[in-house]
Amino acid sequence: MIRELFNKGIKNYTYTVIALVITTLISFVGTPIIIRHIGESEYGIYQLILQYLAYLSIWDFGLSTSSCSLLNKAHTSGDRKAIINTIKFILRQYLKIVPLILFALMAIIYLIYNSVMKDQPTEYMHALLIMAACGIYIPLNVFRDHLRSSEKFYIISKLSTYQLSLMTCLNIYFSYKGYGLLGLAYSYFLLNFLFVAFIFLMSYREIVKLPILNIEFELSGVKLWNTNFHSFFQNIFGQLSFATDTIILSFFQPTSAITNFVTNQRLAKLVDTFLSNIGNSFWSSISQTSEDQGQKQRAIDLINKVFLILAFPTICALGINNKSFIHLWLGSKFYISDLFTWISFSNFLIFGILSFWGWLFVGQQKIQMKTKTIAIAGFINITASIILTKTIGIIGPVLGTFLSFYFFYIWHIKAVMEAELNINVSDFLKRFIFLIGIASLIAYFQSSFQFIQVTSWGGLILNLGLNYLLFLITFLFIVFKRDDLDLAIKYLKKSFQKE
């Protein structure tokens, strides 16, 4: 059972890594070209609009999160009719909240206009309206969630790769042609439309492959909305934790500072995607393992260890080389500081493991159990971020997030998992904290790990590779016992064989 789980999970994860590498390379080439042609301030406004639009995700009132749990249950039945009825049921729920989604769109447009658009050219407002119009696609998230819940996350990864790659190419073209922010907006709207359309087609293709079994499947609107209540508030406070940094910064710093803030975290966000997709790839398979709690615990323990060995060598290697990367990529004036770099990387490190643990609640249909944790963490985060940004500047938002997640969130969610899911992560946290200590020493002595003088992209890649190999060997023997290594190698060998 665990072998089958890893076969599916590793397939999903492999595609996400490939997608990540492709989109990252294209983005790294495209970003400096776009900034050069439209300017730092305009690019900062574009990033700020994206940050505000991220709040649209909370205005599905938790339907996306709770529908994943429901769709996963329908998929487990293997009945085409059950899945179709579930999708229709969720779409009807979305129709009930369309007026609220439209209201949210208007509110976001109003907030952005009053914060940065008042004194800007008319085309800036047009760009905002075009990008905000993507909110009409929210009900169609049900088809994306169907793929995510049916162990087909790799399909989303493929389509995301095409979407982001084409969007970057269009952004380069429009910015080169002088369309500015308006060109980026057209590109954003068009590629989001194509992504939604292809997600629908891929979802339909997977559904029609299944037999009709006429299995009884209960769908209760009352029960769903009771769950959605918790999902909604979790999404609100989750957005406060994940998607407010540039908004807070815009109140105290010029929009050009947002460009620095975003670009300095580009490698860190790359790691975030790399690590968060562990949860996306494995949760649906874990939720379908047998009722043997011991077997489920062993699977989670192994994934937690895999997370550590994927995360720490990558974090340390990229953290050491982030300054060189920014200098080569955009220029020295864009680099903020080493302290900013390491705090940012630490934040995205913890986001990855908490993302995986959060999906475990979805899989066991106990979403409501983490509401209190997320709410308190969000409050701490937003309060600390505002105070620190006002007092110490650009490093404030990332420091506020660090305090919230390292001193509260991870410890509280550990207790909730033990009490509600019967999952113990104490051994993982001991290793995690120990490795954080080692990473802190590496950060302090980071100049000692510059094995060559980095003056070119070739030198950067070589130093990055040497750092990664050194840290991989070091952390490998700290994280894994011999039995763990043998088991992991066995699963990797089996994962690409036909089931």
# chains A, B, ... in the order shown; residues from 1 in each chain; ligands from 1
call {"tool": "closest_atom_pairs", "arguments": {"of": "stretch 341-388 of chain A", "to": "stretch 398-416 of chain A", "cutoff": "8 Å", "atoms": "only C-alpha atoms", "output": "JSON lines"}}
result
{"residue": "A:Ile343", "atom": "CA", "partner": "A:Val398", "partner_atom": "CA", "distance": 6.6}
{"residue": "A:Ser344", "atom": "CA", "partner": "A:Val398", "partner_atom": "CA", "distance": 6.0}
{"residue": "A:Ser346", "atom": "CA", "partner": "A:Phe402", "partner_atom": "CA", "distance": 7.4}
{"residue": "A:Asn347", "atom": "CA", "partner": "A:Phe402", "partner_atom": "CA", "distance": 5.8}
{"residue": "A:Ile350", "atom": "CA", "partner": "A:Phe405", "partner_atom": "CA", "distance": 7.5}
{"residue": "A:Leu354", "atom": "CA", "partner": "A:Ile410", "partner_atom": "CA", "distance": 7.4}
{"residue": "A:Met369", "atom": "CA", "partner": "A:Val416", "partner_atom": "CA", "distance": 7.2}
{"residue": "A:Lys370", "atom": "CA", "partner": "A:Ile413", "partner_atom": "CA", "distance": 7.1}
{"residue": "A:Thr373", "atom": "CA", "partner": "A:His412", "partner_atom": "CA", "distance": 6.4}
{"residue": "A:Ile374", "atom": "CA", "partner": "A:Tyr409", "partner_atom": "CA", "distance": 7.3}
{"residue": "A:Ala377", "atom": "CA", "partner": "A:Ser404", "partner_atom": "CA", "distance": 5.5}
{"residue": "A:Gly378", "atom": "CA", "partner": "A:Ser404", "partner_atom": "CA", "distance": 7.5}
{"residue": "A:Ile380", "atom": "CA", "partner": "A:Ser404", "partner_atom": "CA", "distance": 5.6}
{"residue": "A:Asn381", "atom": "CA", "partner": "A:Ser404", "partner_atom": "CA", "distance": 5.1}
{"residue": "A:Ile382", "atom": "CA", "partner": "A:Gly400", "partner_atom": "CA", "distance": 7.1}
{"residue": "A:Thr383", "atom": "CA", "partner": "A:Gly400", "partner_atom": "CA", "distance": 7.7}
{"residue": "A:Ala384", "atom": "CA", "partner": "A:Gly400", "partner_atom": "CA", "distance": 4.7}
{"residue": "A:Ser385", "atom": "CA", "partner": "A:Gly400", "partner_atom": "CA", "distance": 4.2}
{"residue": "A:Ile386", "atom": "CA", "partner": "A:Gly400", "partner_atom": "CA", "distance": 8.0}
{"residue": "A:Leu388", "atom": "CA", "partner": "A:Gly400", "partner_atom": "CA", "distance": 6.9}
call {"tool": "write_last_selection", "arguments": {"atoms": "N, CA and C atoms", "output": "JSON list (two decimals), in the first residue's frame"}}
result
[["chain", "number", "residue", "atom", "x", "y", "z"],
["A", 343, "ILE", "N", 16.10, 35.19, 6.44],
["A", 343, "ILE", "CA", 14.77, 35.16, 7.06],
["A", 343, "ILE", "C", 13.73, 34.73, 6.03],
["A", 344, "SER", "N", 13.85, 35.25, 4.81],
["A", 344, "SER", "CA", 12.91, 34.87, 3.75],
["A", 344, "SER", "C", 12.98, 33.38, 3.46],
["A", 346, "SER", "N", 14.01, 31.05, 5.45],
["A", 346, "SER", "CA", 13.48, 30.32, 6.62],
["A", 346, "SER", "C", 11.97, 30.27, 6.59],
["A", 347, "ASN", "N", 11.34, 31.37, 6.17],
["A", 347, "ASN", "CA", 9.87, 31.41, 6.10],
["A", 347, "ASN", "C", 9.34, 30.41, 5.09],
["A", 350, "ILE", "N", 9.49, 26.71, 6.23],
["A", 350, "ILE", "CA", 8.43, 26.24, 7.12],
["A", 350, "ILE", "C", 7.08, 26.21, 6.41],
["A", 354, "LEU", "N", 4.32, 22.91, 6.57],
["A", 354, "LEU", "CA", 2.98, 23.20, 7.07],
["A", 354, "LEU", "C", 1.92, 23.01, 5.99],
["A", 369, "MET", "N", -10.45, 21.63, 12.38],
["A", 369, "MET", "CA", -9.58, 21.49, 13.54],
["A", 369, "MET", "C", -8.39, 22.44, 13.54],
["A", 370, "LYS", "N", -8.08, 23.03, 12.39],
["A", 370, "LYS", "CA", -6.91, 23.92, 12.36],
["A", 370, "LYS", "C", -7.29, 25.41, 12.28],
["A", 373, "THR", "N", -5.64, 27.62, 15.06],
["A", 373, "THR", "CA", -4.21, 27.79, 14.84],
["A", 373, "THR", "C", -3.93, 28.86, 13.80],
["A", 374, "ILE", "N", -4.62, 28.75, 12.66],
["A", 374, "ILE", "CA", -4.39, 29.68, 11.56],
["A", 374, "ILE", "C", -4.82, 31.09, 11.93],
["A", 377, "ALA", "N", -2.21, 32.61, 14.37],
["A", 377, "ALA", "CA", -0.97, 32.85, 13.65],
["A", 377, "ALA", "C", -1.11, 34.05, 12.71],
["A", 378, "GLY", "N", -2.27, 34.15, 12.03],
["A", 378, "GLY", "CA", -2.50, 35.27, 11.13],
["A", 378, "GLY", "C", -2.52, 36.60, 11.85],
["A", 380, "ILE", "N", -1.05, 37.32, 14.77],
["A", 380, "ILE", "CA", 0.32, 37.63, 15.20],
["A", 380, "ILE", "C", 1.13, 38.16, 14.02],
["A", 381, "ASN", "N", 0.98, 37.50, 12.89],
["A", 381, "ASN", "CA", 1.76, 37.85, 11.71],
["A", 381, "ASN", "C", 1.46, 39.27, 11.25],
["A", 382, "ILE", "N", 0.19, 39.58, 11.05],
["A", 382, "ILE", "CA", -0.16, 40.89, 10.50],
["A", 382, "ILE", "C", 0.20, 42.01, 11.48],
["A", 383, "THR", "N", -0.01, 41.78, 12.77],
["A", 383, "THR", "CA", 0.32, 42.80, 13.77],
["A", 383, "THR", "C", 1.81, 43.06, 13.83],
["A", 384, "ALA", "N", 2.58, 41.98, 13.92],
["A", 384, "ALA", "CA", 4.04, 42.11, 13.99],
["A", 384, "ALA", "C", 4.60, 42.73, 12.71],
["A", 385, "SER", "N", 4.05, 42.34, 11.57],
["A", 385, "SER", "CA", 4.56, 42.84, 10.29],
["A", 385, "SER", "C", 4.34, 44.35, 10.15],
["A", 386, "ILE", "N", 3.16, 44.83, 10.54],
["A", 386, "ILE", "CA", 2.88, 46.26, 10.46],
["A", 386, "ILE", "C", 3.80, 47.06, 11.37],
["A", 388, "LEU", "N", 6.72, 46.16, 12.71],
["A", 388, "LEU", "CA", 8.13, 46.05, 12.33],
["A", 388, "LEU", "C", 8.43, 46.80, 11.03]]
call {"tool": "residues_around", "arguments": {"residues": "stretch 440-445 of chain A", "least_positions_apart": "2", "cutoff": "12 Å", "atoms": "only C-alpha atoms", "output": "JSON, numbers by chain"}}
result
{"A": [312, 313, 315, 316, 317, 318, 319, 320, 321, 322, 338, 339, 340, 341, 342, 343, 345, 346, 433, 434, 435, 436, 437, 438, 447, 448, 449, 450, 467, 470, 471, 474]}
call {"tool": "write_last_selection", "arguments": {"atoms": "N, CA, C and O atoms", "output": "tab-separated table (two decimals), in the first residue's frame"}}
result
chain	number	residue	atom	x	y	z
A	312	PHE	N	16.69	21.24	3.20
A	312	PHE	CA	17.82	21.93	3.82
A	312	PHE	C	19.04	22.11	2.91
A	312	PHE	O	19.62	23.21	2.89
A	313	PRO	N	19.47	21.11	2.15
A	313	PRO	CA	20.58	21.38	1.23
A	313	PRO	C	20.23	22.46	0.21
A	313	PRO	O	21.08	23.31	-0.13
A	315	ILE	N	17.93	24.97	0.57
A	315	ILE	CA	17.85	26.27	1.25
A	315	ILE	C	19.24	26.85	1.50
A	315	ILE	O	19.49	28.04	1.23
A	316	CYS	N	20.14	26.04	2.00
A	316	CYS	CA	21.48	26.53	2.35
A	316	CYS	C	22.27	26.92	1.10
A	316	CYS	O	22.93	27.97	1.08
A	317	ALA	N	22.21	26.09	0.06
A	317	ALA	CA	22.96	26.39	-1.16
A	317	ALA	C	22.45	27.67	-1.82
A	317	ALA	O	23.24	28.54	-2.23
A	318	LEU	N	21.13	27.82	-1.93
A	318	LEU	CA	20.57	29.01	-2.56
A	318	LEU	C	20.74	30.24	-1.69
A	318	LEU	O	20.96	31.35	-2.20
A	319	GLY	N	20.62	30.08	-0.36
A	319	GLY	CA	20.79	31.22	0.53
A	319	GLY	C	22.18	31.82	0.44
A	319	GLY	O	22.34	33.06	0.41
A	320	ILE	N	23.19	30.97	0.38
A	320	ILE	CA	24.57	31.45	0.27
A	320	ILE	C	24.80	32.20	-1.04
A	320	ILE	O	25.53	33.20	-1.08
A	321	ASN	N	24.13	31.77	-2.09
A	321	ASN	CA	24.38	32.33	-3.42
A	321	ASN	C	23.34	33.35	-3.87
A	321	ASN	O	23.40	33.82	-5.01
A	322	ASN	N	22.40	33.71	-2.99
A	322	ASN	CA	21.35	34.64	-3.40
A	322	ASN	C	21.90	36.02	-3.75
A	322	ASN	O	21.46	36.65	-4.71
A	338	ASP	N	21.81	40.33	3.58
A	338	ASP	CA	21.92	38.90	3.90
A	338	ASP	C	20.87	38.48	4.92
A	338	ASP	O	20.31	37.38	4.83
A	339	LEU	N	20.61	39.35	5.89
A	339	LEU	CA	19.61	39.02	6.91
A	339	LEU	C	18.24	38.84	6.28
A	339	LEU	O	17.51	37.89	6.60
A	340	PHE	N	17.88	39.73	5.36
A	340	PHE	CA	16.60	39.61	4.64
A	340	PHE	C	16.55	38.28	3.89
A	340	PHE	O	15.52	37.58	3.91
A	341	THR	N	17.62	37.91	3.24
A	341	THR	CA	17.69	36.65	2.49
A	341	THR	C	17.41	35.45	3.37
A	341	THR	O	16.56	34.61	3.05
A	342	TRP	N	18.10	35.35	4.49
A	342	TRP	CA	17.98	34.15	5.30
A	342	TRP	C	16.64	34.06	6.03
A	342	TRP	O	16.11	32.97	6.22
A	343	ILE	N	16.10	35.19	6.44
A	343	ILE	CA	14.77	35.16	7.06
A	343	ILE	C	13.73	34.73	6.03
A	343	ILE	O	12.84	33.92	6.32
A	345	PHE	N	14.19	32.85	3.34
A	345	PHE	CA	14.34	31.42	3.07
A	345	PHE	C	13.79	30.59	4.22
A	345	PHE	O	13.19	29.53	4.01
A	346	SER	N	14.01	31.05	5.45
A	346	SER	CA	13.48	30.32	6.62
A	346	SER	C	11.97	30.27	6.59
A	346	SER	O	11.36	29.26	6.95
A	433	ILE	N	14.50	21.33	14.12
A	433	ILE	CA	15.14	22.38	14.92
A	433	ILE	C	16.65	22.21	14.93
A	433	ILE	O	17.41	23.19	14.85
A	434	PHE	N	17.11	20.96	15.00
A	434	PHE	CA	18.56	20.71	14.96
A	434	PHE	C	19.15	21.19	13.63
A	434	PHE	O	20.21	21.82	13.60
A	435	LEU	N	18.45	20.90	12.54
A	435	LEU	CA	18.93	21.32	11.23
A	435	LEU	C	18.84	22.83	11.05
A	435	LEU	O	19.67	23.42	10.35
A	436	ILE	N	17.84	23.46	11.67
A	436	ILE	CA	17.77	24.92	11.65
A	436	ILE	C	19.02	25.51	12.31
A	436	ILE	O	19.59	26.51	11.84
A	437	GLY	N	19.46	24.89	13.40
A	437	GLY	CA	20.68	25.35	14.07
A	437	GLY	C	21.90	25.24	13.17
A	437	GLY	O	22.73	26.17	13.10
A	438	ILE	N	22.01	24.13	12.45
A	438	ILE	CA	23.12	23.95	11.52
A	438	ILE	C	23.04	24.97	10.39
A	438	ILE	O	24.05	25.58	10.01
A	447	SER	N	30.41	33.26	3.99
A	447	SER	CA	31.54	33.64	3.14
A	447	SER	C	32.54	32.49	3.00
A	447	SER	O	33.26	32.41	2.00
A	448	SER	N	32.61	31.61	3.99
A	448	SER	CA	33.53	30.48	3.94
A	448	SER	C	33.12	29.45	2.90
A	448	SER	O	33.92	28.58	2.53
A	449	PHE	N	31.86	29.51	2.45
A	449	PHE	CA	31.36	28.53	1.49
A	449	PHE	C	31.36	29.08	0.06
A	449	PHE	O	30.81	28.45	-0.84
A	450	GLN	N	31.96	30.25	-0.13
A	450	GLN	CA	32.15	30.76	-1.48
A	450	GLN	C	33.45	30.15	-2.01
A	450	GLN	O	34.52	30.74	-1.91
A	467	ASN	N	28.17	23.75	-3.30
A	467	ASN	CA	27.47	23.94	-2.02
A	467	ASN	C	26.40	22.88	-1.82
A	467	ASN	O	26.30	22.26	-0.74
A	470	LEU	N	27.84	19.37	-1.02
A	470	LEU	CA	28.39	19.35	0.34
A	470	LEU	C	27.28	19.23	1.37
A	470	LEU	O	27.34	18.39	2.28
A	471	PHE	N	26.25	20.07	1.22
A	471	PHE	CA	25.17	20.07	2.21
A	471	PHE	C	24.29	18.82	2.09
A	471	PHE	O	23.77	18.32	3.09
A	474	THR	N	26.09	16.12	3.92
A	474	THR	CA	26.05	16.42	5.37
A	474	THR	C	24.69	16.10	5.97
A	474	THR	O	24.58	15.39	6.97
call {"tool": "residues_around", "arguments": {"residues": "stretch 51-53 of chain A", "least_positions_apart": "6", "cutoff": "8 Å", "atoms": "only C-alpha atoms", "output": "VMD selection string"}}
result
chain A and resid 108 112 132 243 to 244 246 to 247
call {"tool": "write_last_selection", "arguments": {"atoms": "all heavy atoms", "output": "PDB file, in the first residue's frame"}}
result
ATOM      1  N   ILE A 108     -11.864  45.091  -4.058  1.00  0.00           N
ATOM      2  CA  ILE A 108     -10.430  45.043  -4.347  1.00  0.00           C
ATOM      3  C   ILE A 108     -10.037  46.152  -5.312  1.00  0.00           C
ATOM      4  O   ILE A 108      -9.008  46.823  -5.132  1.00  0.00           O
ATOM      5  CB  ILE A 108     -10.054  43.652  -4.914  1.00  0.00           C
ATOM      6  CG1 ILE A 108     -10.098  42.605  -3.784  1.00  0.00           C
ATOM      7  CG2 ILE A 108      -8.671  43.674  -5.568  1.00  0.00           C
ATOM      8  CD1 ILE A 108      -9.919  41.187  -4.267  1.00  0.00           C
ATOM      9  N   ILE A 112      -7.308  49.104  -4.433  1.00  0.00           N
ATOM     10  CA  ILE A 112      -6.105  49.344  -5.233  1.00  0.00           C
ATOM     11  C   ILE A 112      -6.119  50.760  -5.803  1.00  0.00           C
ATOM     12  O   ILE A 112      -5.095  51.457  -5.816  1.00  0.00           O
ATOM     13  CB  ILE A 112      -5.996  48.301  -6.369  1.00  0.00           C
ATOM     14  CG1 ILE A 112      -5.872  46.885  -5.797  1.00  0.00           C
ATOM     15  CG2 ILE A 112      -4.786  48.598  -7.250  1.00  0.00           C
ATOM     16  CD1 ILE A 112      -5.864  45.787  -6.836  1.00  0.00           C
ATOM     17  N   ALA A 132      -8.528  42.100 -12.821  1.00  0.00           N
ATOM     18  CA  ALA A 132      -9.554  41.744 -11.841  1.00  0.00           C
ATOM     19  C   ALA A 132     -10.656  40.899 -12.458  1.00  0.00           C
ATOM     20  O   ALA A 132     -11.296  40.085 -11.768  1.00  0.00           O
ATOM     21  CB  ALA A 132     -10.149  43.009 -11.227  1.00  0.00           C
ATOM     22  N   ALA A 243      -0.055  36.587   2.110  1.00  0.00           N
ATOM     23  CA  ALA A 243      -0.243  37.492   0.964  1.00  0.00           C
ATOM     24  C   ALA A 243      -0.438  38.943   1.341  1.00  0.00           C
ATOM     25  O   ALA A 243      -1.133  39.675   0.642  1.00  0.00           O
ATOM     26  CB  ALA A 243      -1.433  37.004   0.129  1.00  0.00           C
ATOM     27  N   THR A 244       0.168  39.386   2.432  1.00  0.00           N
ATOM     28  CA  THR A 244       0.007  40.792   2.815  1.00  0.00           C
ATOM     29  C   THR A 244       1.317  41.564   2.792  1.00  0.00           C
ATOM     30  O   THR A 244       1.300  42.783   2.989  1.00  0.00           O
ATOM     31  CB  THR A 244      -0.588  40.907   4.232  1.00  0.00           C
ATOM     32  OG1 THR A 244       0.250  40.176   5.140  1.00  0.00           O
ATOM     33  CG2 THR A 244      -1.997  40.379   4.276  1.00  0.00           C
ATOM     34  N   THR A 246       3.597  42.601   0.538  1.00  0.00           N
ATOM     35  CA  THR A 246       3.783  43.749  -0.354  1.00  0.00           C
ATOM     36  C   THR A 246       2.735  44.831  -0.114  1.00  0.00           C
ATOM     37  O   THR A 246       3.003  46.015  -0.323  1.00  0.00           O
ATOM     38  CB  THR A 246       3.737  43.308  -1.829  1.00  0.00           C
ATOM     39  OG1 THR A 246       2.509  42.640  -2.094  1.00  0.00           O
ATOM     40  CG2 THR A 246       4.890  42.399  -2.165  1.00  0.00           C
ATOM     41  N   ILE A 247       1.545  44.409   0.336  1.00  0.00           N
ATOM     42  CA  ILE A 247       0.507  45.394   0.648  1.00  0.00           C
ATOM     43  C   ILE A 247       0.938  46.254   1.838  1.00  0.00           C
ATOM     44  O   ILE A 247       0.834  47.482   1.815  1.00  0.00           O
ATOM     45  CB  ILE A 247      -0.835  44.695   0.931  1.00  0.00           C
ATOM     46  CG1 ILE A 247      -1.348  44.009  -0.338  1.00  0.00           C
ATOM     47  CG2 ILE A 247      -1.873  45.692   1.443  1.00  0.00           C
ATOM     48  CD1 ILE A 247      -2.579  43.167  -0.135  1.00  0.00           C
TER      49      ILE A 247
END
call {"tool": "atom_distance", "arguments": {"atom1": "atom CA of A:Asp245", "atom2": "atom CA of A:Gly180"}}
result
24.1 Å
call {"tool": "closest_residue", "arguments": {"among": "A:Phe379, A:Tyr188, A:Trp457, A:Phe348", "to": "A:Trp329", "atoms": "only C-alpha atoms"}}
result
A:Trp457
call {"tool": "closest_residue", "arguments": {"among": "A:Ile199, A:Ile452, A:Leu476, A:Leu50", "to": "A:Leu310", "atoms": "only C-alpha atoms"}}
result
A:Leu476
call {"tool": "residues_around", "arguments": {"residues": "A:Met106", "least_positions_apart": "5", "cutoff": "12 Å", "atoms": "only C-alpha atoms", "output": "PyMOL selection string"}}
result
chain A and resi 52-53+56+99-101+111-113+128-129+132-133+135
call {"tool": "write_last_selection", "arguments": {"atoms": "N, CA, C and O atoms", "output": "PDB file, in the first residue's frame"}}
result
ATOM      1  N   TYR A  52      -2.998  41.856  -4.245  1.00  0.00           N
ATOM      2  CA  TYR A  52      -4.386  42.140  -3.887  1.00  0.00           C
ATOM      3  C   TYR A  52      -5.325  41.095  -4.473  1.00  0.00           C
ATOM      4  O   TYR A  52      -6.253  40.620  -3.801  1.00  0.00           O
ATOM      5  N   LEU A  53      -5.105  40.715  -5.723  1.00  0.00           N
ATOM      6  CA  LEU A  53      -5.979  39.741  -6.369  1.00  0.00           C
ATOM      7  C   LEU A  53      -5.874  38.359  -5.720  1.00  0.00           C
ATOM      8  O   LEU A  53      -6.785  37.536  -5.851  1.00  0.00           O
ATOM      9  N   LEU A  56      -8.773  37.204  -3.730  1.00  0.00           N
ATOM     10  CA  LEU A  56      -9.991  36.654  -4.329  1.00  0.00           C
ATOM     11  C   LEU A  56     -10.199  35.199  -3.914  1.00  0.00           C
ATOM     12  O   LEU A  56     -11.332  34.714  -3.885  1.00  0.00           O
ATOM     13  N   PRO A  99     -22.717  36.616  -6.426  1.00  0.00           N
ATOM     14  CA  PRO A  99     -22.848  38.041  -6.065  1.00  0.00           C
ATOM     15  C   PRO A  99     -21.777  38.499  -5.080  1.00  0.00           C
ATOM     16  O   PRO A  99     -21.288  39.637  -5.171  1.00  0.00           O
ATOM     17  N   LEU A 100     -21.404  37.631  -4.151  1.00  0.00           N
ATOM     18  CA  LEU A 100     -20.376  37.992  -3.177  1.00  0.00           C
ATOM     19  C   LEU A 100     -19.004  38.082  -3.839  1.00  0.00           C
ATOM     20  O   LEU A 100     -18.178  38.923  -3.463  1.00  0.00           O
ATOM     21  N   ILE A 101     -18.754  37.211  -4.812  1.00  0.00           N
ATOM     22  CA  ILE A 101     -17.494  37.278  -5.551  1.00  0.00           C
ATOM     23  C   ILE A 101     -17.389  38.595  -6.308  1.00  0.00           C
ATOM     24  O   ILE A 101     -16.343  39.254  -6.319  1.00  0.00           O
ATOM     25  N   LEU A 111      -9.917  49.392  -3.385  1.00  0.00           N
ATOM     26  CA  LEU A 111      -8.747  49.489  -2.510  1.00  0.00           C
ATOM     27  C   LEU A 111      -7.480  49.786  -3.289  1.00  0.00           C
ATOM     28  O   LEU A 111      -6.666  50.632  -2.889  1.00  0.00           O
ATOM     29  N   ILE A 112      -7.308  49.104  -4.433  1.00  0.00           N
ATOM     30  CA  ILE A 112      -6.105  49.344  -5.233  1.00  0.00           C
ATOM     31  C   ILE A 112      -6.119  50.760  -5.803  1.00  0.00           C
ATOM     32  O   ILE A 112      -5.095  51.457  -5.816  1.00  0.00           O
ATOM     33  N   TYR A 113      -7.285  51.188  -6.254  1.00  0.00           N
ATOM     34  CA  TYR A 113      -7.378  52.543  -6.827  1.00  0.00           C
ATOM     35  C   TYR A 113      -6.979  53.588  -5.798  1.00  0.00           C
ATOM     36  O   TYR A 113      -6.213  54.517  -6.090  1.00  0.00           O
ATOM     37  N   LEU A 128      -5.870  47.320 -14.336  1.00  0.00           N
ATOM     38  CA  LEU A 128      -6.433  46.756 -13.104  1.00  0.00           C
ATOM     39  C   LEU A 128      -7.759  46.049 -13.371  1.00  0.00           C
ATOM     40  O   LEU A 128      -7.990  44.931 -12.901  1.00  0.00           O
ATOM     41  N   LEU A 129      -8.642  46.683 -14.147  1.00  0.00           N
ATOM     42  CA  LEU A 129      -9.956  46.099 -14.439  1.00  0.00           C
ATOM     43  C   LEU A 129      -9.822  44.804 -15.238  1.00  0.00           C
ATOM     44  O   LEU A 129     -10.544  43.830 -15.001  1.00  0.00           O
ATOM     45  N   ALA A 132      -8.528  42.100 -12.821  1.00  0.00           N
ATOM     46  CA  ALA A 132      -9.554  41.744 -11.841  1.00  0.00           C
ATOM     47  C   ALA A 132     -10.656  40.899 -12.458  1.00  0.00           C
ATOM     48  O   ALA A 132     -11.296  40.085 -11.768  1.00  0.00           O
ATOM     49  N   ALA A 133     -10.882  41.051 -13.768  1.00  0.00           N
ATOM     50  CA  ALA A 133     -11.937  40.289 -14.444  1.00  0.00           C
ATOM     51  C   ALA A 133     -11.701  38.785 -14.388  1.00  0.00           C
ATOM     52  O   ALA A 133     -12.640  37.996 -14.574  1.00  0.00           O
ATOM     53  N   GLY A 135     -11.465  37.157 -11.910  1.00  0.00           N
ATOM     54  CA  GLY A 135     -12.234  36.641 -10.783  1.00  0.00           C
ATOM     55  C   GLY A 135     -13.480  35.883 -11.207  1.00  0.00           C
ATOM     56  O   GLY A 135     -14.010  35.061 -10.439  1.00  0.00           O
TER      57      GLY A 135
END
call {"tool": "atom_distance", "arguments": {"atom1": "atom CA of A:Phe477", "atom2": "atom CA of A:Ile353"}}
result
20.2 Å
call {"tool": "atom_distance", "arguments": {"atom1": "atom CA of A:Glu42", "atom2": "atom CA of A:Ser256"}}
result
7.9 Å
call {"tool": "residues_around", "arguments": {"residues": "stretch 141-143 of chain A", "least_positions_apart": "5", "cutoff": "12 Å", "atoms": "only C-alpha atoms", "output": "ChimeraX atom specification"}}
result
/A:57,60,62-72,83-84,86-94,134-136,148-150,152-153,155-156,192-193,195-207
call {"tool": "write_last_selection", "arguments": {"atoms": "C-alpha atoms", "output": "compact mmCIF listing (two decimals), in the first residue's frame"}}
result
# COMPACT_ATOMS: atom_id res chain seq x y z
CA SER A 57 -9.22 33.10 -3.25
CA ASP A 60 -15.08 31.24 -2.57
CA GLY A 62 -13.87 27.94 1.62
CA LEU A 63 -15.52 25.95 -1.17
CA SER A 64 -12.25 25.10 -2.87
CA THR A 65 -10.74 23.55 0.26
CA SER A 66 -13.80 21.62 1.38
CA SER A 67 -14.62 20.52 -2.18
CA CYS A 68 -11.18 18.88 -2.39
CA SER A 69 -12.15 16.69 0.54
CA LEU A 70 -15.52 15.86 -1.05
CA LEU A 71 -14.05 15.22 -4.50
CA ASN A 72 -11.36 13.00 -3.03
CA ILE A 83 -17.91 12.34 -9.39
CA ILE A 84 -20.15 14.13 -11.91
CA THR A 86 -20.35 15.95 -6.86
CA ILE A 87 -19.02 18.45 -9.40
CA LYS A 88 -22.54 19.58 -10.27
CA PHE A 89 -23.35 19.90 -6.58
CA ILE A 90 -20.27 22.08 -5.94
CA LEU A 91 -21.00 24.25 -8.98
CA ARG A 92 -24.48 24.93 -7.60
CA GLN A 93 -22.88 26.03 -4.35
CA TYR A 94 -20.61 28.38 -6.29
CA CYS A 134 -10.19 36.93 -13.97
CA GLY A 135 -12.23 36.64 -10.78
CA ILE A 136 -15.14 35.41 -12.90
CA ARG A 148 -5.92 17.72 -7.48
CA SER A 149 -8.12 15.33 -5.49
CA SER A 150 -7.86 12.39 -7.88
CA LYS A 152 -3.67 13.75 -11.07
CA PHE A 153 -1.84 16.79 -9.78
CA ILE A 155 -1.74 17.40 -15.08
CA ILE A 156 -2.09 20.75 -13.31
CA ASN A 192 -5.69 32.58 -17.18
CA PHE A 193 -8.58 31.97 -19.60
CA PHE A 195 -5.52 27.65 -18.29
CA VAL A 196 -9.11 27.34 -17.04
CA ALA A 197 -10.31 26.04 -20.42
CA PHE A 198 -7.67 23.32 -20.63
CA ILE A 199 -8.19 22.32 -16.98
CA PHE A 200 -11.86 21.72 -17.82
CA LEU A 201 -10.95 19.58 -20.85
CA MET A 202 -8.39 17.51 -18.92
CA SER A 203 -10.81 16.98 -16.04
CA TYR A 204 -13.54 15.84 -18.44
CA ARG A 205 -11.11 13.42 -20.13
CA GLU A 206 -10.25 11.80 -16.79
CA ILE A 207 -13.91 11.51 -15.72
call {"tool": "residues_around", "arguments": {"residues": "stretch 19-32 of chain A", "least_positions_apart": "6", "cutoff": "9 Å", "atoms": "only C-alpha atoms", "output": "list of chain:residue names"}}
result
A:Ser157, A:Lys158, A:Leu159, A:Ser160, A:Thr161, A:Tyr162, A:Leu164, A:Ser165, A:Thr168, A:Cys169, A:Asn171, A:Ile172, A:Thr263, A:Arg266, A:Leu270, A:Thr273, A:Phe274, A:Trp329, A:Leu330
